[in-house]
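Engineer: Got coords_19.cif for you, mmCIF, C-alpha atoms:
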```cif
data_model
loop_
_atom_site.group_PDB
_atom_site.id
_atom_site.type_symbol
_atom_site.label_atom_id
_atom_site.label_comp_id
_atom_site.auth_asym_id
_atom_site.auth_seq_id
_atom_site.Cartn_x
_atom_site.Cartn_y
_atom_site.Cartn_z
ATOM 1 C CA MET A 1201 45.674 -3.460 -4.759
ATOM 2 C CA ALA A 1202 47.432 -0.683 -2.843
ATOM 3 C CA ARG A 1203 46.401 -0.138 0.752
ATOM 4 C CA PRO A 1204 44.923 3.255 1.671
ATOM 5 C CA LEU A 1205 46.765 5.614 3.987
ATOM 6 C CA ALA A 1206 45.839 5.170 7.663
ATOM 7 C CA THR A 1207 46.250 7.939 10.225
ATOM 8 C CA VAL A 1208 47.137 7.186 13.823
ATOM 9 C CA ALA A 1209 45.590 10.098 15.722
ATOM 10 C CA MET A 1210 46.958 10.693 19.227
ATOM 11 C CA THR A 1211 46.294 13.454 21.729
ATOM 12 C CA ALA A 1212 48.901 14.144 24.391
ATOM 13 C CA PHE A 1213 48.895 16.145 27.595
ATOM 14 C CA ASN A 1214 51.568 15.940 30.294
ATOM 15 C CA ALA A 1215 52.475 12.439 29.171
ATOM 16 C CA GLN A 1216 56.268 12.604 29.330
ATOM 17 C CA ASP A 1217 56.440 9.254 31.137
ATOM 18 C CA THR A 1218 54.280 7.330 28.653
ATOM 19 C CA ILE A 1219 54.320 9.095 25.274
ATOM 20 C CA GLU A 1220 57.399 7.302 23.954
ATOM 21 C CA ARG A 1221 55.982 3.824 24.496
ATOM 22 C CA ALA A 1222 52.686 4.915 22.924
ATOM 23 C CA LEU A 1223 54.555 6.156 19.842
ATOM 24 C CA VAL A 1224 56.656 2.978 19.690
ATOM 25 C CA SER A 1225 53.385 1.034 19.698
ATOM 26 C CA ALA A 1226 52.111 3.122 16.778
ATOM 27 C CA LEU A 1227 55.339 2.715 14.816
ATOM 28 C CA ALA A 1228 55.186 -1.070 15.356
ATOM 29 C CA GLN A 1229 51.888 -1.375 13.502
ATOM 30 C CA ASP A 1230 52.071 -3.722 10.516
ATOM 31 C CA TRP A 1231 49.890 -1.439 8.355
ATOM 32 C CA ARG A 1232 51.569 0.760 5.778
ATOM 33 C CA PRO A 1233 51.245 3.453 4.465
ATOM 34 C CA LEU A 1234 50.870 5.129 7.864
ATOM 35 C CA GLU A 1235 51.050 8.630 9.282
ATOM 36 C CA ILE A 1236 51.182 9.324 13.010
ATOM 37 C CA LEU A 1237 49.762 12.680 14.082
ATOM 38 C CA VAL A 1238 50.124 13.878 17.670
ATOM 39 C CA VAL A 1239 48.474 16.957 19.131
ATOM 40 C CA ASP A 1240 50.208 18.239 22.240
ATOM 41 C CA ASP A 1241 47.475 20.114 24.081
ATOM 42 C CA ALA A 1242 49.761 22.682 25.758
ATOM 43 C CA SER A 1243 51.603 20.270 28.044
ATOM 44 C CA THR A 1244 53.592 21.808 30.871
ATOM 45 C CA ASP A 1245 56.155 18.992 31.058
ATOM 46 C CA ALA A 1246 58.597 17.506 28.530
ATOM 47 C CA THR A 1247 55.940 15.766 26.409
ATOM 48 C CA ALA A 1248 56.421 17.949 23.329
ATOM 49 C CA ASP A 1249 60.216 17.619 23.509
ATOM 50 C CA ARG A 1250 59.987 13.841 23.566
ATOM 51 C CA ILE A 1251 57.602 13.781 20.614
ATOM 52 C CA THR A 1252 59.919 16.126 18.679
ATOM 53 C CA ALA A 1253 62.897 13.875 19.367
ATOM 54 C CA MET A 1254 61.054 10.812 18.090
ATOM 55 C CA ALA A 1255 59.743 12.680 15.042
ATOM 56 C CA ALA A 1256 63.334 13.530 14.103
ATOM 57 C CA LEU A 1257 64.041 9.801 13.867
ATOM 58 C CA HIS A 1258 60.750 8.676 12.329
ATOM 59 C CA PRO A 1259 59.274 10.700 9.445
ATOM 60 C CA GLU A 1260 55.853 9.098 9.979
ATOM 61 C CA ILE A 1261 55.425 11.188 13.149
ATOM 62 C CA ARG A 1262 54.185 14.768 12.975
ATOM 63 C CA LEU A 1263 53.606 17.020 15.983
ATOM 64 C CA ILE A 1264 50.865 19.660 16.198
ATOM 65 C CA ARG A 1265 51.078 21.992 19.207
ATOM 66 C CA HIS A 1266 48.200 23.858 20.789
ATOM 67 C CA PRO A 1267 49.318 27.194 22.282
ATOM 68 C CA ARG A 1268 46.763 26.775 25.068
ATOM 69 C CA ASN A 1269 44.981 23.797 26.547
ATOM 70 C CA GLN A 1270 41.665 23.230 24.760
ATOM 71 C CA GLY A 1271 40.627 19.801 25.999
ATOM 72 C CA VAL A 1272 40.639 16.387 24.411
ATOM 73 C CA ALA A 1273 37.641 16.940 22.104
ATOM 74 C CA ALA A 1274 39.208 20.034 20.525
ATOM 75 C CA ALA A 1275 42.543 18.223 20.275
ATOM 76 C CA ARG A 1276 40.886 15.349 18.433
ATOM 77 C CA ASN A 1277 39.220 17.793 16.057
ATOM 78 C CA SER A 1278 42.667 19.237 15.273
ATOM 79 C CA LEU A 1279 43.781 15.720 14.424
ATOM 80 C CA LEU A 1280 40.799 15.192 12.138
ATOM 81 C CA GLU A 1281 41.506 18.475 10.355
ATOM 82 C CA ALA A 1282 45.147 17.560 9.760
ATOM 83 C CA ALA A 1283 44.678 13.877 8.912
ATOM 84 C CA ALA A 1284 45.310 12.745 5.341
ATOM 85 C CA GLY A 1285 44.332 9.131 5.899
ATOM 86 C CA THR A 1286 41.277 7.342 4.536
ATOM 87 C CA PHE A 1287 40.996 5.628 7.915
ATOM 88 C CA ILE A 1288 41.500 7.292 11.304
ATOM 89 C CA ILE A 1289 42.649 5.163 14.243
ATOM 90 C CA PHE A 1290 42.741 6.841 17.643
ATOM 91 C CA PHE A 1291 45.499 5.955 20.097
ATOM 92 C CA ASP A 1292 45.923 7.315 23.640
ATOM 93 C CA ASP A 1293 49.183 8.753 24.943
ATOM 94 C CA ASP A 1294 49.511 6.133 27.701
ATOM 95 C CA ASP A 1295 48.269 2.965 25.965
ATOM 96 C CA GLU A 1296 49.850 0.345 23.737
ATOM 97 C CA SER A 1297 48.242 -1.487 20.821
ATOM 98 C CA VAL A 1298 49.131 -4.894 19.421
ATOM 99 C CA PRO A 1299 50.988 -4.661 16.083
ATOM 100 C CA HIS A 1300 48.066 -5.935 13.998
ATOM 101 C CA ARG A 1301 45.479 -3.599 15.555
ATOM 102 C CA ILE A 1302 45.059 -1.305 12.539
ATOM 103 C CA THR A 1303 45.017 -4.188 10.063
ATOM 104 C CA ARG A 1304 42.396 -6.023 12.109
ATOM 105 C CA GLN A 1305 40.097 -3.032 12.569
ATOM 106 C CA ILE A 1306 40.235 -1.916 8.939
ATOM 107 C CA ALA A 1307 39.507 -5.485 7.823
ATOM 108 C CA ARG A 1308 36.534 -5.590 10.210
ATOM 109 C CA ILE A 1309 35.155 -2.354 8.774
ATOM 110 C CA GLU A 1310 35.655 -3.304 5.130
ATOM 111 C CA THR A 1311 34.218 -6.812 5.558
ATOM 112 C CA TYR A 1312 31.180 -5.472 7.391
ATOM 113 C CA GLU A 1313 30.605 -2.761 4.778
ATOM 114 C CA SER A 1314 30.672 -5.319 1.975
ATOM 115 C CA ARG A 1315 28.093 -7.525 3.689
ATOM 116 C CA PHE A 1316 25.783 -5.243 5.616
ATOM 117 C CA ALA A 1317 26.472 -1.525 5.115
ATOM 118 C CA PRO A 1318 27.581 -0.571 1.606
ATOM 119 C CA ASP A 1319 26.657 3.044 2.311
ATOM 120 C CA GLY A 1320 27.990 3.157 5.906
ATOM 121 C CA PRO A 1321 28.746 4.752 8.201
ATOM 122 C CA VAL A 1322 30.564 2.091 10.208
ATOM 123 C CA ILE A 1323 32.632 2.666 13.331
ATOM 124 C CA CYS A 1324 34.768 -0.017 14.961
ATOM 125 C CA HIS A 1325 35.926 -0.411 18.556
ATOM 126 C CA ALA A 1326 38.184 -3.096 19.981
ATOM 127 C CA ALA A 1327 38.176 -4.781 23.351
ATOM 128 C CA ARG A 1328 40.910 -3.644 25.763
ATOM 129 C CA LEU A 1329 43.132 -5.416 28.259
ATOM 130 C CA GLN A 1330 43.061 -3.165 31.317
ATOM 131 C CA THR A 1331 45.592 -3.224 34.118
ATOM 132 C CA ALA A 1332 44.339 -1.546 37.293
ATOM 133 C CA PRO A 1333 46.569 0.400 39.698
ATOM 134 C CA ASP A 1334 46.686 -2.675 41.981
ATOM 135 C CA GLY A 1335 47.959 -4.852 39.109
ATOM 136 C CA ASN A 1336 44.717 -6.755 38.507
ATOM 137 C CA GLN A 1337 43.799 -7.274 34.873
ATOM 138 C CA ARG A 1338 40.462 -7.557 33.092
ATOM 139 C CA ILE A 1339 39.221 -7.456 29.531
ATOM 140 C CA GLU A 1340 36.919 -4.535 28.765
ATOM 141 C CA ALA A 1341 34.568 -5.790 26.053
ATOM 142 C CA THR A 1342 33.057 -3.629 23.351
ATOM 143 C CA MET A 1343 29.785 -3.396 21.468
ATOM 144 C CA GLY A 1344 29.203 -5.310 18.232
ATOM 145 C CA GLY A 1345 31.716 -8.078 18.821
ATOM 146 C CA ARG A 1346 29.693 -10.800 17.078
ATOM 147 C CA GLU A 1347 30.938 -11.159 13.522
ATOM 148 C CA ALA A 1348 29.086 -12.379 10.407
ATOM 149 C CA VAL A 1349 25.823 -10.826 11.687
ATOM 150 C CA PRO A 1350 24.434 -7.267 11.581
ATOM 151 C CA ALA A 1351 25.869 -5.066 14.332
ATOM 152 C CA PRO A 1352 23.956 -2.696 16.611
ATOM 153 C CA GLN A 1353 22.836 0.255 14.551
ATOM 154 C CA GLY A 1354 21.087 3.582 14.669
ATOM 155 C CA ARG A 1355 18.748 5.045 17.235
ATOM 156 C CA ALA A 1356 18.666 1.822 19.252
ATOM 157 C CA VAL A 1357 22.315 2.435 20.176
ATOM 158 C CA ALA A 1358 21.530 5.973 21.370
ATOM 159 C CA GLU A 1359 18.661 4.618 23.474
ATOM 160 C CA ARG A 1360 20.940 1.952 24.975
ATOM 161 C CA ILE A 1361 23.504 4.576 25.949
ATOM 162 C CA LEU A 1362 21.063 7.160 27.279
ATOM 163 C CA MET A 1363 18.296 4.987 28.735
ATOM 164 C CA GLY A 1364 19.914 1.598 29.272
ATOM 165 C CA ARG A 1365 17.439 -0.155 26.990
ATOM 166 C CA PRO A 1366 18.453 -3.746 26.141
ATOM 167 C CA LEU A 1367 20.146 -4.256 22.797
ATOM 168 C CA VAL A 1368 21.432 -7.513 21.335
ATOM 169 C CA ASP A 1369 25.253 -7.391 21.199
ATOM 170 C CA GLY A 1370 24.887 -3.838 22.475
ATOM 171 C CA TYR A 1371 26.898 -3.993 25.692
ATOM 172 C CA GLY A 1372 30.486 -2.919 26.186
ATOM 173 C CA ALA A 1373 32.536 0.254 26.065
ATOM 174 C CA LEU A 1374 32.923 2.606 23.090
ATOM 175 C CA ALA A 1375 36.182 4.276 24.077
ATOM 176 C CA THR A 1376 37.981 6.505 21.586
ATOM 177 C CA CYS A 1377 41.339 4.921 22.464
ATOM 178 C CA SER A 1378 40.156 1.714 20.764
ATOM 179 C CA GLN A 1379 38.269 3.381 17.912
ATOM 180 C CA ALA A 1380 38.720 3.278 14.138
ATOM 181 C CA ALA A 1381 36.569 4.569 11.278
ATOM 182 C CA ARG A 1382 36.729 6.108 7.854
ATOM 183 C CA ARG A 1383 37.471 9.806 7.783
ATOM 184 C CA SER A 1384 34.057 10.296 6.149
ATOM 185 C CA THR A 1385 32.353 8.847 9.238
ATOM 186 C CA TYR A 1386 33.718 11.625 11.457
ATOM 187 C CA ASP A 1387 32.940 14.238 8.809
ATOM 188 C CA ARG A 1388 29.315 13.129 8.753
ATOM 189 C CA VAL A 1389 28.720 14.349 12.324
ATOM 190 C CA GLY A 1390 31.241 17.191 12.434
ATOM 191 C CA GLY A 1391 33.783 15.494 14.686
ATOM 192 C CA PHE A 1392 33.814 15.879 18.468
ATOM 193 C CA ASP A 1393 31.916 18.459 20.505
ATOM 194 C CA PRO A 1394 34.566 20.693 22.172
ATOM 195 C CA ALA A 1395 32.046 21.683 24.861
ATOM 196 C CA PHE A 1396 32.707 18.301 26.485
ATOM 197 C CA ARG A 1397 36.015 17.848 28.288
ATOM 198 C CA ARG A 1398 34.744 14.513 29.616
ATOM 199 C CA SER A 1399 32.448 11.969 27.906
ATOM 200 C CA GLU A 1400 33.151 13.482 24.475
ATOM 201 C CA ASP A 1401 33.462 9.907 23.188
ATOM 202 C CA THR A 1402 29.974 9.046 24.444
ATOM 203 C CA ASP A 1403 28.552 12.164 22.821
ATOM 204 C CA LEU A 1404 30.172 11.201 19.515
ATOM 205 C CA SER A 1405 28.667 7.705 19.747
ATOM 206 C CA ILE A 1406 25.194 9.120 20.377
ATOM 207 C CA ARG A 1407 25.425 11.482 17.413
ATOM 208 C CA LEU A 1408 26.729 8.714 15.158
ATOM 209 C CA ALA A 1409 23.901 6.450 16.298
ATOM 210 C CA LEU A 1410 21.376 9.155 15.416
ATOM 211 C CA ALA A 1411 23.081 9.343 12.005
ATOM 212 C CA ASP A 1412 22.269 5.612 11.608
ATOM 213 C CA ALA A 1413 25.827 4.353 12.083
ATOM 214 C CA HIS A 1414 26.682 0.681 12.566
ATOM 215 C CA PHE A 1415 28.774 -0.140 15.659
ATOM 216 C CA VAL A 1416 31.045 -3.096 14.933
ATOM 217 C CA GLY A 1417 33.536 -4.500 17.374
ATOM 218 C CA VAL A 1418 36.587 -6.719 17.646
ATOM 219 C CA ALA A 1419 36.377 -9.096 20.595
ATOM 220 C CA GLU A 1420 40.145 -9.574 20.726
ATOM 221 C CA PRO A 1421 41.762 -7.049 23.114
ATOM 222 C CA LEU A 1422 43.834 -5.038 20.640
ATOM 223 C CA VAL A 1423 44.632 -2.261 23.130
ATOM 224 C CA ARG A 1424 46.595 -2.654 26.363
ATOM 225 C CA GLN A 1425 45.499 0.031 28.771
ATOM 226 C CA THR A 1426 47.170 0.886 32.064
ATOM 227 C CA LEU A 1427 44.623 2.588 34.301
ATOM 228 C CA THR A 1428 46.011 5.558 36.198
ATOM 229 C CA LEU A 1429 44.443 8.108 38.497
ATOM 230 C CA ALA A 1430 44.808 11.776 37.569
ATOM 231 C CA SER A 1431 43.556 15.084 38.895
ATOM 232 C CA ASP A 1432 40.939 15.423 36.162
ATOM 233 C CA LYS A 1433 39.675 11.846 36.479
ATOM 234 C CA THR A 1434 36.962 12.170 39.080
ATOM 235 C CA LEU A 1435 33.602 10.477 39.279
ATOM 236 C CA THR A 1436 32.107 13.903 40.002
ATOM 237 C CA ALA A 1437 33.373 15.227 36.658
ATOM 238 C CA GLU A 1438 32.055 12.135 34.877
ATOM 239 C CA ARG A 1439 28.694 12.532 36.585
ATOM 240 C CA GLU A 1440 28.341 16.142 35.501
ATOM 241 C CA ALA A 1441 29.371 15.288 31.956
ATOM 242 C CA MET A 1442 26.806 12.502 31.726
ATOM 243 C CA LEU A 1443 24.049 14.758 33.031
ATOM 244 C CA ALA A 1444 25.037 17.310 30.386
ATOM 245 C CA LEU A 1445 24.793 14.585 27.742
ATOM 246 C CA LEU A 1446 21.305 13.646 28.897
ATOM 247 C CA ASP A 1447 20.263 17.275 28.590
ATOM 248 C CA LYS A 1448 21.902 17.762 25.180
ATOM 249 C CA HIS A 1449 20.116 14.709 23.786
ATOM 250 C CA GLN A 1450 16.798 15.174 25.558
ATOM 251 C CA ALA A 1451 14.972 14.834 22.219
ATOM 252 C CA VAL A 1452 15.870 11.121 22.157
ATOM 253 C CA PHE A 1453 13.662 10.469 25.200
ATOM 254 C CA ASP A 1454 10.011 9.540 24.866
ATOM 255 C CA SER A 1455 8.919 12.197 27.344
ATOM 256 C CA VAL A 1456 10.065 14.834 29.821
ATOM 257 C CA ARG A 1457 9.273 12.298 32.530
ATOM 258 C CA ALA A 1458 11.627 9.710 30.975
ATOM 259 C CA HIS A 1459 14.409 12.289 30.736
ATOM 260 C CA ALA A 1460 13.950 13.286 34.394
ATOM 261 C CA PHE A 1461 14.098 9.627 35.428
ATOM 262 C CA ALA A 1462 17.350 9.139 33.486
ATOM 263 C CA ARG A 1463 18.919 12.120 35.253
ATOM 264 C CA ARG A 1464 17.958 10.768 38.652
ATOM 265 C CA TRP A 1465 19.185 7.286 37.782
ATOM 266 C CA THR A 1466 22.525 8.685 36.609
ATOM 267 C CA ALA A 1467 23.022 10.524 39.893
ATOM 268 C CA LEU A 1468 22.292 7.294 41.782
ATOM 269 C CA LYS A 1469 24.700 5.302 39.625
ATOM 270 C CA PHE A 1470 27.551 7.642 40.469
ATOM 271 C CA ASP A 1471 26.652 7.523 44.171
ATOM 272 C CA TRP A 1472 27.138 3.758 43.939
ATOM 273 C CA LEU A 1473 30.436 4.044 42.052
ATOM 274 C CA ALA A 1474 31.711 6.556 44.608
ATOM 275 C CA GLY A 1475 30.939 4.167 47.464
ATOM 276 C CA ARG A 1476 28.185 6.322 48.950
ATOM 277 C CA ARG A 1477 26.074 3.277 49.769
ATOM 278 C CA ARG A 1478 23.668 4.886 52.244
ATOM 279 C CA ARG A 1479 22.995 7.800 49.926
ATOM 280 C CA PHE A 1480 22.488 5.344 47.055
ATOM 281 C CA ALA A 1481 20.106 3.105 49.024
ATOM 282 C CA THR A 1482 18.016 6.042 50.214
ATOM 283 C CA GLY A 1483 17.786 7.509 46.736
ATOM 284 C CA LEU A 1484 17.002 4.164 45.109
ATOM 285 C CA LEU A 1485 14.193 3.499 47.584
ATOM 286 C CA ALA A 1486 12.690 6.930 46.950
ATOM 287 C CA LEU A 1487 12.885 6.432 43.182
ATOM 288 C CA ALA A 1488 11.384 2.946 43.409
ATOM 289 C CA LEU A 1489 8.438 4.250 45.418
ATOM 290 C CA ARG A 1490 7.726 6.919 42.794
ATOM 291 C CA ARG A 1491 8.600 4.944 39.666
ATOM 292 C CA PRO A 1492 8.596 1.220 40.580
ATOM 293 C CA VAL A 1493 8.349 -0.289 37.086
ATOM 294 C CA GLU A 1494 11.014 1.935 35.539
ATOM 295 C CA THR A 1495 13.343 1.411 38.502
ATOM 296 C CA MET A 1496 13.102 -2.382 38.340
ATOM 297 C CA LYS A 1497 13.734 -2.286 34.591
ATOM 298 C CA ARG A 1498 16.817 -0.119 34.976
ATOM 299 C CA LEU A 1499 18.198 -2.386 37.673
ATOM 300 C CA ALA A 1500 17.787 -5.327 35.304
ATOM 301 C CA TYR A 1501 19.325 -3.379 32.405
ATOM 302 C CA ALA A 1502 22.328 -2.417 34.549
ATOM 303 C CA LEU A 1503 23.433 -5.961 35.342
ATOM 304 C CA PRO A 1504 25.242 -6.659 32.016
ATOM 305 C CA MET A 1505 27.329 -3.509 32.514
ATOM 306 C CA SER A 1506 28.401 -4.138 36.108
ATOM 307 C CA ALA A 1507 31.919 -5.318 35.212
ATOM 308 C CA SER A 1508 32.507 -2.307 32.987
ATOM 309 C CA ARG A 1509 31.385 0.052 35.733
ATOM 310 C CA ALA A 1510 33.899 -1.556 38.075
ATOM 311 C CA GLY A 1511 36.562 -0.489 35.596
ATOM 312 C CA VAL A 1512 35.212 3.063 35.646
ATOM 313 C CA ARG A 1513 35.399 3.068 39.442
ATOM 314 C CA ASP A 1514 39.027 1.898 39.372
ATOM 315 C CA LEU A 1515 39.996 4.652 36.942
ATOM 316 C CA HIS A 1516 38.453 7.627 38.742
ATOM 317 C CA ARG A 1517 38.762 9.256 42.111
ATOM 318 C CA PRO A 1518 35.410 9.723 43.904
ATOM 319 C CA GLY A 1519 35.640 13.518 44.051
ATOM 320 C CA PRO A 1520 33.377 15.655 46.223
ATOM 321 C CA THR A 1521 29.677 15.001 46.461
ATOM 322 C CA PRO A 1522 27.788 17.695 44.509
ATOM 323 C CA GLY A 1523 27.073 20.507 46.944
ATOM 324 C CA GLU A 1524 30.115 19.753 49.120
ATOM 325 C CA ALA A 1525 33.119 22.065 49.309
ATOM 326 C CA ARG A 1526 35.785 21.116 46.778
#
```
Let me see the structure of the file written as structure tokens.
Structural biologist:
Amino acid sequence: MARPLATVAMTAFNAQDTIERALVSALAQDWRPLEILVVDDASTDATADRITAMAALHPEIRLIRHPRNQGVAAARNSLLEAAAGTFIIFFDDDDESVPHRITRQIARIETYESRFAPDGPVICHAARLQTAPDGNQRIEATMGGREAVPAPQGRAVAERILMGRPLVDGYGALATCSQAARRSTYDRVGGFDPAFRRSEDTDLSIRLALADAHFVGVAEPLVRQTLTLASDKTLTAEREAMLALLDKHQAVFDSVRAHAFARRWTALKFDWLAGRRRRFATGLLALALRRPVETMKRLAYALPMSASRAGVRDLHRPGPTPGEAR
């Protein structure tokens, strides 16, 4: 039986130092037939030139250029519009994937569909081997890594993301750079929300969860990710994006009170990640006095994610405290 076409979907912005190795990683995949689509989101360096040079040597590669920078969500939507593949596999412009990544993720999806989700949708993420700026390495796990059993599904996943509610096999990152799904899965929710320049992957996961998607994972680290600091990678930007997500999906919460608590907890979490320990302690004490049961529950819920949050801290600059001069 012939294999379906798979599309490697890659966004690129000012990645002249890393784009070639990312494309080499895509070309090295053992899955064929394969197309490799790259959207250059109006880079100001030599990124587009390097992609063009590689495309001249490898017909699988096709470059799409944005005349102006639109952000990663819009760039990913351009990829979805142009993709011809049955399966879409997202790569980042500064990561490398092991050669059997696509084969492994498609097999995971198809096996799961045959056993537990004949009508889908199913989305698959892989664990990642992360190398921090100081050279330390850690494996970033993903959700749904237990095989041969039903994966986290539906509204419970949205509640885990937004409220931290416990979920069996429901801990780990859902990063787009390790993501694969059928094209029809993205079509079901209309792709990515271009209003989000940060946390667009989290927003997609919430909307898929509300569309009753199954979140399967591969425990093997199929993606090798080198963490780098950049001007747009600030904890302040991530904080504001997460607060915007909470507001967008307020209907998921049981009450206005629960939504307000989640906003306050999110602000405290980012105080901790930014190293503002006194501010965090003062805020946590105030929240515990007002909402003791909810605060103790959230502290307990947060423990399984502590390693992942350390990775977030390593990847982002603290940025200014909201209200401070930038």
Engineer: Run the PyMOL selection byres ((chain A and resi 1220) around 10) mentally over the shown coordinates, then write out the matched residues as a PyMOL selection string, using the chain letters and numbers from the document.
Structural biologist: chain A and resi 1215-1219+1221-1226+1247+1250-1251+1253-1254+1293-1294
Engineer: Report, in Å with one decimal, the straight-line distance from CA of Arg1232 in chain A to CA of Leu1205 in chain A.
Structural biologist: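 Between these atoms lies a distance of 7.1 Å.
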Engineer: Residues picked by the PyMOL selection byres ((chain A and resi 1262) around 9) here, as a PDB file with C-alpha atoms, in the coordinates of the input?
Structural biologist:
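Okay, part.pdb is ready:
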```
ATOM      1  CA  GLU A1235      51.050   8.630   9.282  1.00  0.00           C
ATOM      2  CA  ILE A1236      51.182   9.324  13.010  1.00  0.00           C
ATOM      3  CA  LEU A1237      49.762  12.680  14.082  1.00  0.00           C
ATOM      4  CA  VAL A1238      50.124  13.878  17.670  1.00  0.00           C
ATOM      5  CA  VAL A1239      48.474  16.957  19.131  1.00  0.00           C
ATOM      6  CA  ILE A1251      57.602  13.781  20.614  1.00  0.00           C
ATOM      7  CA  THR A1252      59.919  16.126  18.679  1.00  0.00           C
ATOM      8  CA  ALA A1255      59.743  12.680  15.042  1.00  0.00           C
ATOM      9  CA  HIS A1258      60.750   8.676  12.329  1.00  0.00           C
ATOM     10  CA  PRO A1259      59.274  10.700   9.445  1.00  0.00           C
ATOM     11  CA  GLU A1260      55.853   9.098   9.979  1.00  0.00           C
ATOM     12  CA  ILE A1261      55.425  11.188  13.149  1.00  0.00           C
ATOM     13  CA  LEU A1263      53.606  17.020  15.983  1.00  0.00           C
ATOM     14  CA  ILE A1264      50.865  19.660  16.198  1.00  0.00           C
TER      15      ILE A1264
END
```
Engineer: Name the residues that the PyMOL selection byres ((chain A and resi 1275) around 9) pulls out of this structure, and write them as an mmCIF file with C-alpha atoms, keeping the file's coordinate frame.
Structural biologist:
```cif
data_model
loop_
_atom_site.group_PDB
_atom_site.id
_atom_site.type_symbol
_atom_site.label_atom_id
_atom_site.label_comp_id
_atom_site.auth_asym_id
_atom_site.auth_seq_id
_atom_site.Cartn_x
_atom_site.Cartn_y
_atom_site.Cartn_z
ATOM 1 C CA MET A 1210 46.958 10.693 19.227
ATOM 2 C CA THR A 1211 46.294 13.454 21.729
ATOM 3 C CA ALA A 1212 48.901 14.144 24.391
ATOM 4 C CA VAL A 1239 48.474 16.957 19.131
ATOM 5 C CA ASP A 1240 50.208 18.239 22.240
ATOM 6 C CA ASP A 1241 47.475 20.114 24.081
ATOM 7 C CA HIS A 1266 48.200 23.858 20.789
ATOM 8 C CA ASN A 1269 44.981 23.797 26.547
ATOM 9 C CA GLN A 1270 41.665 23.230 24.760
ATOM 10 C CA GLY A 1271 40.627 19.801 25.999
ATOM 11 C CA VAL A 1272 40.639 16.387 24.411
ATOM 12 C CA ALA A 1273 37.641 16.940 22.104
ATOM 13 C CA ALA A 1274 39.208 20.034 20.525
ATOM 14 C CA ARG A 1276 40.886 15.349 18.433
ATOM 15 C CA ASN A 1277 39.220 17.793 16.057
ATOM 16 C CA SER A 1278 42.667 19.237 15.273
ATOM 17 C CA LEU A 1279 43.781 15.720 14.424
ATOM 18 C CA LEU A 1280 40.799 15.192 12.138
ATOM 19 C CA PRO A 1394 34.566 20.693 22.172
#
```
Engineer: Between A:Ala1411, A:Ala1481, A:Leu1367, A:Ala1419, single out the one closest to Arg1308 in chain A, counting all atoms listed in the file.
Structural biologist: A:Ala1419
Engineer: To one decimal in Å, tell me the separation between CA of Met1343 in chain A and CA of Gly1370 in chain A.
Structural biologist: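 So the two atoms, CA of Met1343 in chain A and CA of Gly1370 in chain A, lie 5.0 Å apart.
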Engineer: Mind dumping a table of every range 1416-1474 of chain A residue within 10 Å of range 1324-1336 of chain A, with the nearest atom pair and its distance in Å to one decimal, using all atoms listed in the file, sorted by chain and rising number, as JSON lines?
Structural biologist:
```
{"residue": "A:Val1416", "atom": "CA", "partner": "A:Cys1324", "partner_atom": "CA", "distance": 4.8}
{"residue": "A:Gly1417", "atom": "CA", "partner": "A:His1325", "partner_atom": "CA", "distance": 4.9}
{"residue": "A:Val1418", "atom": "CA", "partner": "A:Ala1326", "partner_atom": "CA", "distance": 4.6}
{"residue": "A:Ala1419", "atom": "CA", "partner": "A:Ala1327", "partner_atom": "CA", "distance": 5.4}
{"residue": "A:Glu1420", "atom": "CA", "partner": "A:Ala1327", "partner_atom": "CA", "distance": 5.8}
{"residue": "A:Pro1421", "atom": "CA", "partner": "A:Ala1327", "partner_atom": "CA", "distance": 4.2}
{"residue": "A:Leu1422", "atom": "CA", "partner": "A:Ala1326", "partner_atom": "CA", "distance": 6.0}
{"residue": "A:Val1423", "atom": "CA", "partner": "A:Arg1328", "partner_atom": "CA", "distance": 4.8}
{"residue": "A:Arg1424", "atom": "CA", "partner": "A:Leu1329", "partner_atom": "CA", "distance": 4.8}
{"residue": "A:Gln1425", "atom": "CA", "partner": "A:Gln1330", "partner_atom": "CA", "distance": 4.8}
{"residue": "A:Thr1426", "atom": "CA", "partner": "A:Thr1331", "partner_atom": "CA", "distance": 4.9}
{"residue": "A:Leu1427", "atom": "CA", "partner": "A:Ala1332", "partner_atom": "CA", "distance": 5.1}
{"residue": "A:Thr1428", "atom": "CA", "partner": "A:Pro1333", "partner_atom": "CA", "distance": 6.3}
{"residue": "A:Leu1429", "atom": "CA", "partner": "A:Pro1333", "partner_atom": "CA", "distance": 8.1}
```
Engineer: List the neighbours of Trp1231 in chain A out to 8 Å using only C-alpha atoms; skip same-chain residues closer than 4 positions along the sequence, and give me the result as a PyMOL selection string.
Structural biologist: chain A and resi 1206+1300+1302-1303
Engineer: Go ahead and compute the interatomic distance for CA of Gln1353 in chain A and CA of Pro1321 in chain A, in Å to one decimal.
Structural biologist: 9.8 Å
Engineer: Here's a test: counting only C-alpha atoms, identify every protein, DNA and RNA residue with an atom at most 8 Å from (26.8, -1.9, 24.6) in the file's coordinate frame, and state them as a ChimeraX atom specification.
Structural biologist: /A:1342-1344,1357,1360-1361,1367,1369-1374
Engineer: So that I can check the surroundings of Ile1323 in chain A, please list as a JSON list (two decimals) with C-alpha atoms, in the frame of the given file every protein, DNA and RNA residue that reaches within 8 Å of it, counting all atoms listed in the file and ignoring chain neighbours fewer than 3 positions away.
Structural biologist:
```
[["chain", "number", "residue", "atom", "x", "y", "z"],
["A", 1309, "ILE", "CA", 35.16, -2.35, 8.77],
["A", 1379, "GLN", "CA", 38.27, 3.38, 17.91],
["A", 1380, "ALA", "CA", 38.72, 3.28, 14.14],
["A", 1381, "ALA", "CA", 36.57, 4.57, 11.28],
["A", 1382, "ARG", "CA", 36.73, 6.11, 7.85],
["A", 1385, "THR", "CA", 32.35, 8.85, 9.24],
["A", 1413, "ALA", "CA", 25.83, 4.35, 12.08],
["A", 1414, "HIS", "CA", 26.68, 0.68, 12.57],
["A", 1415, "PHE", "CA", 28.77, -0.14, 15.66],
["A", 1416, "VAL", "CA", 31.04, -3.10, 14.93]]
```
